[in-house]
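Asker: Can you keep this structure in mind? I'll have questions shortly.
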Amino acid sequence: MSVTAPQGFRAAAVACGIKASGALDLALVASTRPCTAAAVFTTNQIKAAPVRYDQAMLLQRRAGFRAVVINSGNANACTGPRGLSDVYSVTEFAAFLLGFPPDTILMMSTGVIGVPLPVDKIRAGLMRAVPALSEEGGEAAARAIMTTDTRPKMAVRRLTLHGIPVTIGGMAKGAGMIHPHMATMLALITTDAEIDADRLQALLRSAVDVSFHRITIDGDQSTNDTVMILANGAAGVAVDEASIPLFEEALTDLCVELAKAIVQDGEGATKFVEIRVRGARTPEEARRIARHIARSPLVKTAFYGEDPNWGRILAAAGAAGVSFDPDMVSLWIQRGDETPLLLFDRGSPAFYFEEQARRIFQAPSFRVLLDLDMGEGEDWVWTCDLSHEYVTINGKYRT
């Protein structure tokens, strides 16, 4: 059910002709009650028109929102003044059909950059989507926002606050152009809890920091990345100081599930890999090294080739711009809960059997552990391999 699992949320999806394939490409998610909203956006200097629009709306107000329009197949990025005008045209039309004020509608877009938004197609699609809104529309909406994704990404968490059931639902899309801050990905989260705007923004940022900000597929940062949450209070209970920990845990867990699903569905990906760096001076330095390893083409192609070429991992760590003593560094790889296999021990190759290492690299999921032995700083990144299929998908993305 994804975003329609919480009370008061409905969704619909239609094919309005943006995608040449005829697949679903327009989603509408609406609430029966006004919502408090919070969001985290791409830090790319080139921001798509819907990102700029949403940012402006959330600066003006943080409550009273009623719906989100999401289209795939067209990013509405680098489209000049027309791009923003098109967003207003779409959201105002959606508001008219729904009977809501124009400034209560938000919008997300994903797809090809530099192509004007086909407003007439979207308006026609909205005329079919509005009467189709239902509590069963969540999965179709999750499919409609897909681009190169191979499957929809949905998650639901249920909890009890002060004896009252509360639900958090979410959907996300993303398979390529994924890199932290933000990773092209979109995520919409809904909840029937009541939460004030400042608290909601803080909780979302905290959850995003340990989920969507920990993923990288190809090191390219999108123009459209948005993670948004709407809270409509339909459950009849507010998140207060006493219940913050419970709600935060559930929200974070949901975001982690969606973030991992993006990496697992990375364009052409066959491996899910956690890069964990410890023993750094600070968590920030550990994160910088982990990200540099995770986006190295040489490391990622070794993952794909199932070649435990640990020299590439060390080389990438050394090129991250963080100073450390190479003679203190150790490196392990690990599959599941098995005992980690030591490959490099304090500056020297360790004794191990090559076939042991290869078996770990052959697993669909494994972990790389790098210890700098300098301090208590630790951090991690989730990434995937780089395959022939990734080149095929992105070499012909517009065709």
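By order in the structure tokens, chains are A, B, ...; within a chain, residues start at 1; ligands start at 1, following the order shown.
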Where does DSSP see helix (DSSP H, G or I) in region 187-365 of chain A, if you list the residues as a ChimeraX atom specification?
Answerer: /A:197-209,212-214,244-264,283-294,297-304,310-318,326-328,354-361
Asker: Which residue gives the smallest distance to Gln356 (chain A) among A:Trp382, A:Arg276, A:Pro308, A:Asp337, with only C-alpha atoms counted?
Answerer: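 Ranking A:Trp382, A:Arg276, A:Pro308, A:Asp337 by distance to Gln356 (chain A), first place goes to A:Pro308.
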Asker: Can you check which residues of region 283-397 of chain A DSSP gives as strand (DSSP E) on the backbone and send them as a list in words?
Answerer: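 Matching residues for strand (DSSP E) in region 283-397 of chain A are Ser330, Leu331, Trp332, Ile333, Gln334, Leu341, Leu342, Leu343, Phe344, Asp345, Ser348, Pro349, Ser365, Phe366, Arg367, Val368, Leu369, Leu370, Asp371, Gly377, Glu378, Asp379, Trp380, Val381, Trp382, Thr383 and Cys384 of chain A.
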Asker: Given the choices A:Ala49, A:Met154, A:Val119, A:Ala124, which gets closest to Cys16 (chain A) if the distance is worked out from only C-alpha atoms?
Answerer: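 Of A:Ala49, A:Met154, A:Val119, A:Ala124, the one nearest Cys16 (chain A), counting only C-alpha atoms, is A:Ala124.
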Asker: Mind giving me the straight-line distance from CA of Pro131 (chain A) to CA of Leu24 (chain A) in Å, one decimal?
Answerer: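 Computing the Euclidean distance for CA of Pro131 (chain A) and CA of Leu24 (chain A) yields 16.4 Å.
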Asker: For a quick check of understanding, using only C-alpha atoms, which of A:Ala141, A:Ala63, A:Ile164, A:Met374 has the smallest distance to Arg10 (chain A)?
Answerer: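 Nearest candidate to Arg10 (chain A) out of A:Ala141, A:Ala63, A:Ile164, A:Met374: A:Ala141.
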Asker: Quick one: of A:Thr216, A:Asn71, A:Thr42, A:Ser206, who's nearest to Thr252 (chain A), counting only C-alpha atoms?
Answerer: A:Ser206
Asker: Considering only C-alpha atoms, return as a PyMOL selection string whatever protein or nucleic-acid residues lie within 12 Å of Thr32 (chain A), sequence-local ones (same chain, fewer than 5 positions apart) excluded.
Answerer: chain A and resi 4+6-11+64-67+98-100+133-135+192+230-234
Asker: Can you tell me, as a PyMOL selection string, what residues are no more than 8 Å from region 44-48 of chain A when counting only C-alpha atoms, ignoring any on the same chain fewer than 4 positions away?
Answerer: chain A and resi 52+75-78+221-224
Asker: I want to know what sits within 6 Å of region 195-200 of chain A, based on only C-alpha atoms, with residues of the same chain fewer than 2 positions away left out; could you give that as a tab-separated table (two decimals) with N, CA and C atoms, in the first residue's frame?
Answerer:
chain	number	residue	atom	x	y	z
A	36	THR	N	0.95	18.80	7.43
A	36	THR	CA	2.23	19.45	7.67
A	36	THR	C	3.25	18.78	6.76
A	62	ARG	N	4.36	25.79	6.10
A	62	ARG	CA	4.81	24.44	6.41
A	62	ARG	C	3.63	23.52	6.70
A	202	ALA	N	13.11	18.20	11.49
A	202	ALA	CA	14.28	17.67	12.20
A	202	ALA	C	14.32	16.15	12.14
A	203	LEU	N	13.17	15.51	12.31
A	203	LEU	CA	13.12	14.05	12.26
A	203	LEU	C	13.45	13.54	10.86
A	238	ALA	N	-0.61	13.01	18.52
A	238	ALA	CA	0.52	13.85	18.15
A	238	ALA	C	1.83	13.24	18.62
A	239	VAL	N	2.87	13.47	17.85
A	239	VAL	CA	4.22	13.06	18.26
A	239	VAL	C	4.75	14.12	19.21
Asker: Do a neighbour search on Met228 (chain A) at 7 Å with only C-alpha atoms, toss out local chain neighbours closer than 3 positions, and write the hits as a PyMOL selection string.
Answerer: chain A and resi 38-40+187-189
Asker: Restricting the output to N, CA and C atoms, write the selected residues as a CSV table (one decimal), in the first residue's frame.
Answerer:
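The result, stored in out-v3.csv:
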chain,number,residue,atom,x,y,z
A,38,ALA,N,7.5,18.5,5.3
A,38,ALA,CA,8.9,18.7,5.4
A,38,ALA,C,9.6,18.1,4.3
A,39,ALA,N,10.8,18.5,3.9
A,39,ALA,CA,11.5,18.0,2.8
A,39,ALA,C,13.0,18.2,2.8
A,40,VAL,N,13.7,17.4,2.2
A,40,VAL,CA,15.2,17.6,2.0
A,40,VAL,C,15.4,17.5,0.5
A,187,ALA,N,11.5,10.4,-3.1
A,187,ALA,CA,10.9,9.7,-2.1
A,187,ALA,C,9.8,10.5,-1.5
A,188,LEU,N,8.6,9.9,-1.4
A,188,LEU,CA,7.5,10.5,-0.7
A,188,LEU,C,7.1,9.6,0.5
A,189,ILE,N,7.0,10.2,1.6
A,189,ILE,CA,6.6,9.5,2.9
A,189,ILE,C,5.3,10.2,3.4
Asker: Using only C-alpha atoms, pick whichever of A:Leu106, A:Leu370, A:Ala316, A:Ile168 has the shortest atom-to-atom distance to Met328 (chain A).
Answerer: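 Checking each of A:Leu106, A:Leu370, A:Ala316, A:Ile168 against Met328 (chain A), counting only C-alpha atoms, the winner is A:Leu370.
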Asker: For Ala357 (chain A), find every residue with an atom within 9 Å (counting only C-alpha atoms), except residues of its own chain fewer than 6 positions away, and show them as a list in words.
Answerer: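 Everything that qualifies: Asp307, Pro308, Ile333, Gln334, Leu341 and Leu343 of chain A.
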Asker: Taking only C-alpha atoms into account, name the residue in A:Thr43, A:Thr339, A:Ser323, A:Gln362 that is nearest to Tyr304 (chain A).
Answerer: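 The shortest atom-to-atom distance to Tyr304 (chain A) comes from A:Gln362.
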Asker: Mind giving me the straight-line distance from CA of Gln60 (chain A) to CA of Leu186 (chain A) in Å, one decimal?
Answerer: 22.1 Å
Asker: Which distance in Å separates CA of Val166 (chain A) and CA of Gln201 (chain A), to one decimal?
Answerer: 18.4 Å
